[in-house]
file target_30.pdb (PDB, C-alpha atoms)
ATOM      1  CA  MET H   1      47.561  47.675 117.712
ATOM      2  CA  LYS H   2      45.369  49.322 115.100
ATOM      3  CA  THR H   3      45.991  52.888 114.098
ATOM      4  CA  THR H   4      42.901  55.046 114.203
ATOM      5  CA  PHE H   5      41.987  57.307 111.320
ATOM      6  CA  PHE H   6      42.769  60.430 113.336
ATOM      7  CA  LYS H   7      46.223  59.142 114.278
ATOM      8  CA  LYS H   8      46.895  58.586 110.573
ATOM      9  CA  LEU H   9      46.147  62.277 109.986
ATOM     10  CA  LYS H  10      48.671  63.502 112.570
ATOM     11  CA  ASN H  11      51.839  62.988 110.489
ATOM     12  CA  PRO H  12      50.391  64.508 107.280
ATOM     13  CA  ALA H  13      49.056  67.490 109.259
ATOM     14  CA  LEU H  14      52.422  68.104 110.933
ATOM     15  CA  ASN H  15      54.266  67.820 107.623
ATOM     16  CA  VAL H  16      51.897  70.281 105.968
ATOM     17  CA  LEU H  17      52.380  72.663 108.896
ATOM     18  CA  PHE H  18      56.177  72.425 108.511
ATOM     19  CA  ILE H  19      55.902  72.966 104.749
ATOM     20  CA  PHE H  20      53.793  76.063 105.457
ATOM     21  CA  LEU H  21      56.427  77.295 107.925
ATOM     22  CA  ALA H  22      59.115  76.647 105.293
ATOM     23  CA  TRP H  23      57.073  78.758 102.870
ATOM     24  CA  ILE H  24      56.903  81.581 105.432
ATOM     25  CA  SER H  25      60.680  81.310 105.946
ATOM     26  CA  SER H  26      61.273  81.360 102.169
ATOM     27  CA  PHE H  27      58.986  84.365 101.823
ATOM     28  CA  VAL H  28      60.854  86.241 104.567
ATOM     29  CA  LEU H  29      64.187  85.348 102.929
ATOM     30  CA  CYS H  30      62.870  86.650  99.594
ATOM     31  CA  VAL H  31      61.811  89.936 101.194
ATOM     32  CA  ILE H  32      65.171  90.351 102.933
ATOM     33  CA  ALA H  33      67.018  89.510  99.703
ATOM     34  CA  LYS H  34      64.843  92.002  97.802
ATOM     35  CA  ILE H  35      65.692  94.745 100.306
ATOM     36  CA  PHE H  36      69.439  94.160 100.079
ATOM     37  CA  LEU H  37      69.877  92.948  96.482
ATOM     38  CA  GLY H  38      66.972  94.537  94.643
ATOM     39  CA  ASP H  39      65.743  92.859  91.459
ATOM     40  CA  ALA H  40      68.769  90.532  91.359
ATOM     41  CA  SER H  41      67.295  88.734  94.356
ATOM     42  CA  ASP H  42      64.550  87.186  92.211
ATOM     43  CA  ASN H  43      67.017  85.033  90.281
ATOM     44  CA  ILE H  44      69.079  84.244  93.363
ATOM     45  CA  MET H  45      66.053  82.953  95.269
ATOM     46  CA  ASN H  46      64.120  81.311  92.412
ATOM     47  CA  TYR H  47      67.127  79.352  91.133
ATOM     48  CA  ASN H  48      68.283  78.363  94.629
ATOM     49  CA  PRO H  49      67.514  74.620  95.018
ATOM     50  CA  PHE H  50      67.393  74.922  98.814
ATOM     51  CA  VAL H  51      64.429  77.291  98.835
ATOM     52  CA  ASN H  52      62.734  77.261  95.419
ATOM     53  CA  GLY H  53      60.638  74.217  96.337
ATOM     54  CA  PHE H  54      59.002  76.242  99.075
ATOM     55  CA  ILE H  55      58.490  79.479  97.136
ATOM     56  CA  HIS H  56      55.009  79.724  95.621
ATOM     57  CA  GLY H  57      53.601  82.145  93.072
ATOM     58  CA  ASP H  58      50.488  82.978  95.052
ATOM     59  CA  LEU H  59      48.378  81.780  97.965
ATOM     60  CA  SER H  60      46.061  79.660  95.797
ATOM     61  CA  HIS H  61      49.114  77.777  94.443
ATOM     62  CA  LEU H  62      50.378  77.279  97.991
ATOM     63  CA  GLY H  63      46.945  76.241  99.295
ATOM     64  CA  MET H  64      46.407  73.693  96.535
ATOM     65  CA  ASN H  65      49.870  72.194  97.052
ATOM     66  CA  LEU H  66      49.376  71.973 100.823
ATOM     67  CA  LEU H  67      45.977  70.313 100.421
ATOM     68  CA  LEU H  68      47.299  67.780  97.909
ATOM     69  CA  MET H  69      50.382  67.101 100.036
ATOM     70  CA  PHE H  70      48.113  66.380 102.994
ATOM     71  CA  VAL H  71      46.003  63.978 100.898
ATOM     72  CA  PHE H  72      49.022  62.154  99.419
ATOM     73  CA  LEU H  73      50.667  61.750 102.835
ATOM     74  CA  ILE H  74      47.638  59.932 104.305
ATOM     75  CA  PRO H  75      48.133  56.541 102.550
ATOM     76  CA  GLU H  76      50.209  54.039 104.503
ATOM     77  CA  ILE H  77      53.007  53.976 101.902
ATOM     78  CA  ASN H  78      53.774  57.675 102.487
ATOM     79  CA  GLN H  79      53.155  57.809 106.250
ATOM     80  CA  LYS H  80      56.834  57.267 107.032
ATOM     81  CA  TYR H  81      57.965  60.545 105.496
ATOM     82  CA  SER H  82      58.951  63.306 107.880
ATOM     83  CA  PHE H  83      59.475  66.933 106.934
ATOM     84  CA  ARG H  84      63.199  66.201 106.790
ATOM     85  CA  ASN H  85      62.585  63.538 104.118
ATOM     86  CA  LEU H  86      60.246  65.868 102.223
ATOM     87  CA  PHE H  87      62.837  68.651 102.322
ATOM     88  CA  PHE H  88      65.540  66.374 100.895
ATOM     89  CA  ILE H  89      63.189  64.915  98.257
ATOM     90  CA  THR H  90      62.315  68.463  97.185
ATOM     91  CA  LEU H  91      66.017  69.386  97.173
ATOM     92  CA  ILE H  92      66.941  66.325  95.078
ATOM     93  CA  ILE H  93      64.228  67.121  92.525
ATOM     94  CA  SER H  94      65.370  70.769  92.425
ATOM     95  CA  LEU H  95      69.003  69.733  91.934
ATOM     96  CA  ILE H  96      68.099  67.352  89.103
ATOM     97  CA  TYR H  97      66.070  70.110  87.406
ATOM     98  CA  PHE H  98      68.675  72.837  88.061
ATOM     99  CA  PRO H  99      70.662  72.374  84.804
ATOM    100  CA  VAL H 100      67.408  72.463  82.817
ATOM    101  CA  SER H 101      66.312  75.671  84.548
ATOM    102  CA  LEU H 102      69.643  77.293  83.728
ATOM    103  CA  ALA H 103      69.486  76.115  80.113
ATOM    104  CA  VAL H 104      65.970  77.414  79.447
ATOM    105  CA  GLY H 105      66.204  80.411  81.766
ATOM    106  CA  ILE H 106      63.041  79.537  83.678
ATOM    107  CA  PRO H 107      63.263  78.371  87.303
ATOM    108  CA  ALA H 108      60.725  76.068  88.910
ATOM    109  CA  VAL H 109      59.104  77.138  92.156
ATOM    110  CA  GLY H 110      56.730  75.202  94.368
ATOM    111  CA  ILE H 111      56.599  71.756  95.842
ATOM    112  CA  SER H 112      54.644  70.110  93.019
ATOM    113  CA  GLY H 113      57.550  67.842  92.029
ATOM    114  CA  THR H 114      57.364  66.323  95.500
ATOM    115  CA  LEU H 115      53.586  65.990  95.080
ATOM    116  CA  TYR H 116      54.148  63.931  91.939
ATOM    117  CA  PHE H 117      56.682  61.864  93.899
ATOM    118  CA  MET H 118      53.979  61.076  96.488
ATOM    119  CA  LEU H 119      51.315  60.569  93.805
ATOM    120  CA  SER H 120      53.399  58.001  91.938
ATOM    121  CA  ARG H 121      54.100  56.111  95.174
ATOM    122  CA  VAL H 122      50.393  55.971  96.016
ATOM    123  CA  CYS H 123      49.216  55.034  92.521
ATOM    124  CA  LEU H 124      51.966  52.609  91.521
ATOM    125  CA  SER H 125      52.475  50.727  94.793
ATOM    126  CA  LYS H 126      49.363  48.573  94.442
ATOM    127  CA  ARG H 127      47.998  46.556  91.566
ATOM    128  CA  ASN H 128      44.870  48.637  91.139
ATOM    129  CA  VAL H 129      43.650  49.561  87.681
ATOM    130  CA  PHE H 130      41.801  52.660  88.949
ATOM    131  CA  LEU H 131      44.974  54.034  90.544
ATOM    132  CA  TYR H 132      46.879  53.324  87.312
ATOM    133  CA  ILE H 133      44.238  55.200  85.316
ATOM    134  CA  PHE H 134      44.297  58.123  87.761
ATOM    135  CA  PHE H 135      48.093  58.247  87.538
ATOM    136  CA  ALA H 136      47.912  58.193  83.723
ATOM    137  CA  ILE H 137      45.377  61.043  83.773
ATOM    138  CA  MET H 138      47.771  63.061  85.931
ATOM    139  CA  ILE H 139      51.061  62.256  84.173
ATOM    140  CA  VAL H 140      50.132  62.185  80.456
ATOM    141  CA  PRO H 141      49.577  65.982  80.245
ATOM    142  CA  GLU H 142      52.972  66.474  81.912
ATOM    143  CA  VAL H 143      54.704  64.231  79.379
ATOM    144  CA  ILE H 144      52.915  65.941  76.478
ATOM    145  CA  GLY H 145      53.731  69.435  77.785
ATOM    146  CA  PHE H 146      57.201  68.817  79.202
ATOM    147  CA  SER H 147      58.898  70.940  76.538
ATOM    148  CA  ASN H 148      56.336  73.754  76.795
ATOM    149  CA  PHE H 149      58.002  76.396  78.945
ATOM    150  CA  SER H 150      55.633  79.194  77.968
ATOM    151  CA  ASP H 151      52.690  78.076  80.128
ATOM    152  CA  GLY H 152      54.476  78.826  83.406
ATOM    153  CA  THR H 153      54.411  75.200  84.559
ATOM    154  CA  ALA H 154      57.616  73.230  85.063
ATOM    155  CA  HIS H 155      56.280  69.971  83.617
ATOM    156  CA  MET H 156      59.769  68.461  83.749
ATOM    157  CA  VAL H 157      59.797  68.842  87.550
ATOM    158  CA  HIS H 158      56.558  66.862  87.748
ATOM    159  CA  ILE H 159      58.031  64.111  85.573
ATOM    160  CA  ILE H 160      61.232  64.037  87.656
ATOM    161  CA  GLY H 161      59.159  63.765  90.846
ATOM    162  CA  ALA H 162      57.011  60.951  89.435
ATOM    163  CA  ALA H 163      60.063  59.057  88.159
ATOM    164  CA  LEU H 164      61.848  59.437  91.492
ATOM    165  CA  GLY H 165      58.717  58.207  93.284
ATOM    166  CA  PHE H 166      58.599  55.135  91.053
ATOM    167  CA  ILE H 167      62.305  54.478  91.621
ATOM    168  CA  SER H 168      61.763  54.794  95.377
ATOM    169  CA  LEU H 169      59.275  51.914  95.204
ATOM    170  CA  LYS H 170      61.883  49.700  93.563
ATOM    171  CA  SER H 171      65.082  51.156  95.024
ATOM    172  CA  GLU H 172      66.632  47.711  95.526
ATOM    173  CA  ARG H 173      66.005  46.837  91.853
ATOM    174  CA  TYR H 174      67.055  50.213  90.435
ATOM    175  CA  SER H 175      70.284  50.884  92.269
ATOM    176  CA  ILE H 176      71.095  53.895  90.093
ATOM    177  CA  LEU H 177      70.886  56.342  92.970
ATOM    178  CA  PRO H 178      73.536  56.921  95.627
ATOM    179  CA  ASN H 179      72.849  55.164  98.930
ATOM    180  CA  LYS H 180      72.305  58.451 100.794
ATOM    181  CA  VAL H 181      69.624  59.503  98.284
ATOM    182  CA  THR H 182      67.947  56.084  98.532
ATOM    183  CA  GLU H 183      67.959  56.461 102.323
ATOM    184  CA  TYR H 184      65.850  59.628 102.078
ATOM    185  CA  ILE H 185      63.462  58.591  99.327
ATOM    186  CA  GLY H 186      63.074  54.863  99.955
TER     187      GLY H 186
END
call {"tool": "encode", "arguments": {"input": "target_30.pdb", "output": "structure tokens"}}
result
Amino acid sequence: MKTTFFKKLKNPALNVLFIFLAWISSFVLCVIAKIFLGDASDNIMNYNPFVNGFIHGDLSHLGMNLLLMFVFLIPEINQKYSFRNLFFITLIISLIYFPVSLAVGIPAVGISGTLYFMLSRVCLSKRNVFLYIFFAIMIVPEVIGFSNFSDGTAHMVHIIGAALGFISLKSERYSILPNKVTEYIG
């Protein structure tokens, strides 16, 4: 049975909706924390790996991430991911970056690490020179700027997401991750 184009859009649309709802939940949690904890709540929420992937600086940042997430979830290779998988992928990326954020004193917020995870899966899963070039165009600035913390972009999170996406394509070859992690990303 062939899947129609509109059926292929259902899973990405639902995932984007759930990501948006997670953002609303994170926003409400931030407001509640601000009421009870004052300015200390900023660090508590922004460094928290369970919610910082869903906190966004502004609506344009959120909108761009949701649009790109929708686009990167359409290809067949990423169709299998549910919101649960996306949550755990985001959590894993946040946990890997957590020591870096503590060391430099700058947390990462947003779901862009997971976007780079999806991007690397789409671009590196097929032998297509145009996808390789597109991936290079996207990842080279991240590699060049990964130690630049002053521009407000957590380049290291993007690199972690892309590397994890690549590993997920070859999880049987690169058995460096625990089985439970491989279950969620693979």
call {"tool": "closest_atom_pairs", "arguments": {"input": "target_30.pdb", "of": "range 98-186 of chain H", "to": "range 37-57 of chain H", "cutoff": "6 Å", "atoms": "all atoms listed in the file", "output": "Markdown table"}}
result
| residue | atom | partner | partner_atom | distance |
| --- | --- | --- | --- | --- |
| H:Pro107 | CA | H:Tyr47 | CA | 5.5 |
| H:Val109 | CA | H:Asn52 | CA | 4.9 |
| H:Gly110 | CA | H:Gly53 | CA | 4.5 |
| H:Ile111 | CA | H:Gly53 | CA | 4.8 |
call {"tool": "axis_aligned_box", "arguments": {"input": "target_30.pdb", "around": "range 144-148 of chain H", "padding_each_side": "5 Å", "output": "JSON"}}
result
{"center_x": 55.9, "center_y": 69.8, "center_z": 77.8, "size_x": 16.0, "size_y": 17.8, "size_z": 12.7}
call {"tool": "atom_distance", "arguments": {"input": "target_30.pdb", "atom1": "CA of Leu124 in chain H", "atom2": "CA of Asp151 in chain H"}}
result
27.9 Å
call {"tool": "residues_around", "arguments": {"input": "target_30.pdb", "residues": "His158 in chain H", "least_positions_apart": "4", "cutoff": "10 Å", "atoms": "all atoms listed in the file", "output": "compact mmCIF listing (two decimals) with C-alpha atoms, keeping the file's coordinate frame"}}
result
# COMPACT_ATOMS: atom_id res chain seq x y z
CA ILE H 93 64.23 67.12 92.52
CA ILE H 111 56.60 71.76 95.84
CA SER H 112 54.64 70.11 93.02
CA GLY H 113 57.55 67.84 92.03
CA THR H 114 57.36 66.32 95.50
CA LEU H 115 53.59 65.99 95.08
CA TYR H 116 54.15 63.93 91.94
CA PHE H 117 56.68 61.86 93.90
CA MET H 138 47.77 63.06 85.93
CA ILE H 139 51.06 62.26 84.17
CA GLU H 142 52.97 66.47 81.91
CA VAL H 143 54.70 64.23 79.38
CA PHE H 146 57.20 68.82 79.20
CA THR H 153 54.41 75.20 84.56
CA ALA H 154 57.62 73.23 85.06
CA ALA H 162 57.01 60.95 89.44
CA ALA H 163 60.06 59.06 88.16
CA LEU H 164 61.85 59.44 91.49
call {"tool": "resolve_selection", "arguments": {"input": "target_30.pdb", "expression": "the PyMOL selection byres ((chain H and resi 4-15) around 7)", "output": "PDB file with C-alpha atoms, keeping the file's coordinate frame"}}
result
ATOM      1  CA  LYS H   2      45.369  49.322 115.100  1.00  0.00           C
ATOM      2  CA  THR H   3      45.991  52.888 114.098  1.00  0.00           C
ATOM      3  CA  VAL H  16      51.897  70.281 105.968  1.00  0.00           C
ATOM      4  CA  LEU H  17      52.380  72.663 108.896  1.00  0.00           C
ATOM      5  CA  PHE H  18      56.177  72.425 108.511  1.00  0.00           C
ATOM      6  CA  ILE H  19      55.902  72.966 104.749  1.00  0.00           C
ATOM      7  CA  PHE H  70      48.113  66.380 102.994  1.00  0.00           C
ATOM      8  CA  LEU H  73      50.667  61.750 102.835  1.00  0.00           C
ATOM      9  CA  ILE H  74      47.638  59.932 104.305  1.00  0.00           C
ATOM     10  CA  GLN H  79      53.155  57.809 106.250  1.00  0.00           C
ATOM     11  CA  SER H  82      58.951  63.306 107.880  1.00  0.00           C
ATOM     12  CA  PHE H  83      59.475  66.933 106.934  1.00  0.00           C
TER      13      PHE H  83
END
call {"tool": "residues_near_point", "arguments": {"input": "target_30.pdb", "point": "(64.7, 59.7, 97.3)", "cutoff": "7 Å", "atoms": "all atoms listed in the file", "output": "number ranges by chain"}}
result
H: 89, 164, 168, 181-186
call {"tool": "atom_distance", "arguments": {"input": "target_30.pdb", "atom1": "CA of Leu66 in chain H", "atom2": "CA of Leu21 in chain H"}}
result
11.3 Å
call {"tool": "closest_residue", "arguments": {"input": "target_30.pdb", "among": "H:Val71, H:Val140, H:Val157, H:Leu91", "to": "Met118 in chain H", "atoms": "all atoms listed in the file"}}
result
H:Val71
call {"tool": "atom_distance", "arguments": {"input": "target_30.pdb", "atom1": "CA of Ile77 in chain H", "atom2": "CA of Ser25 in chain H"}}
result
28.7 Å
call {"tool": "closest_residue", "arguments": {"input": "target_30.pdb", "among": "H:His155, H:His61, H:Arg121, H:Lys126", "to": "Trp23 in chain H", "atoms": "all atoms listed in the file"}}
result
H:His61
call {"tool": "closest_residue", "arguments": {"input": "target_30.pdb", "among": "H:Asp58, H:Tyr97, H:Lys80, H:Ser120", "to": "Ile133 in chain H", "atoms": "all atoms listed in the file"}}
result
H:Ser120
call {"tool": "residues_around", "arguments": {"input": "target_30.pdb", "residues": "Val104 in chain H", "least_positions_apart": "3", "cutoff": "12 Å", "atoms": "all atoms listed in the file", "output": "compact mmCIF listing (two decimals) with C-alpha atoms, in the frame of the given file"}}
result
# COMPACT_ATOMS: atom_id res chain seq x y z
CA TYR H 47 67.13 79.35 91.13
CA TYR H 97 66.07 70.11 87.41
CA PHE H 98 68.68 72.84 88.06
CA PRO H 99 70.66 72.37 84.80
CA VAL H 100 67.41 72.46 82.82
CA SER H 101 66.31 75.67 84.55
CA PRO H 107 63.26 78.37 87.30
CA ALA H 108 60.72 76.07 88.91
CA SER H 147 58.90 70.94 76.54
CA ASN H 148 56.34 73.75 76.80
CA PHE H 149 58.00 76.40 78.94
CA SER H 150 55.63 79.19 77.97
CA ALA H 154 57.62 73.23 85.06
CA MET H 156 59.77 68.46 83.75
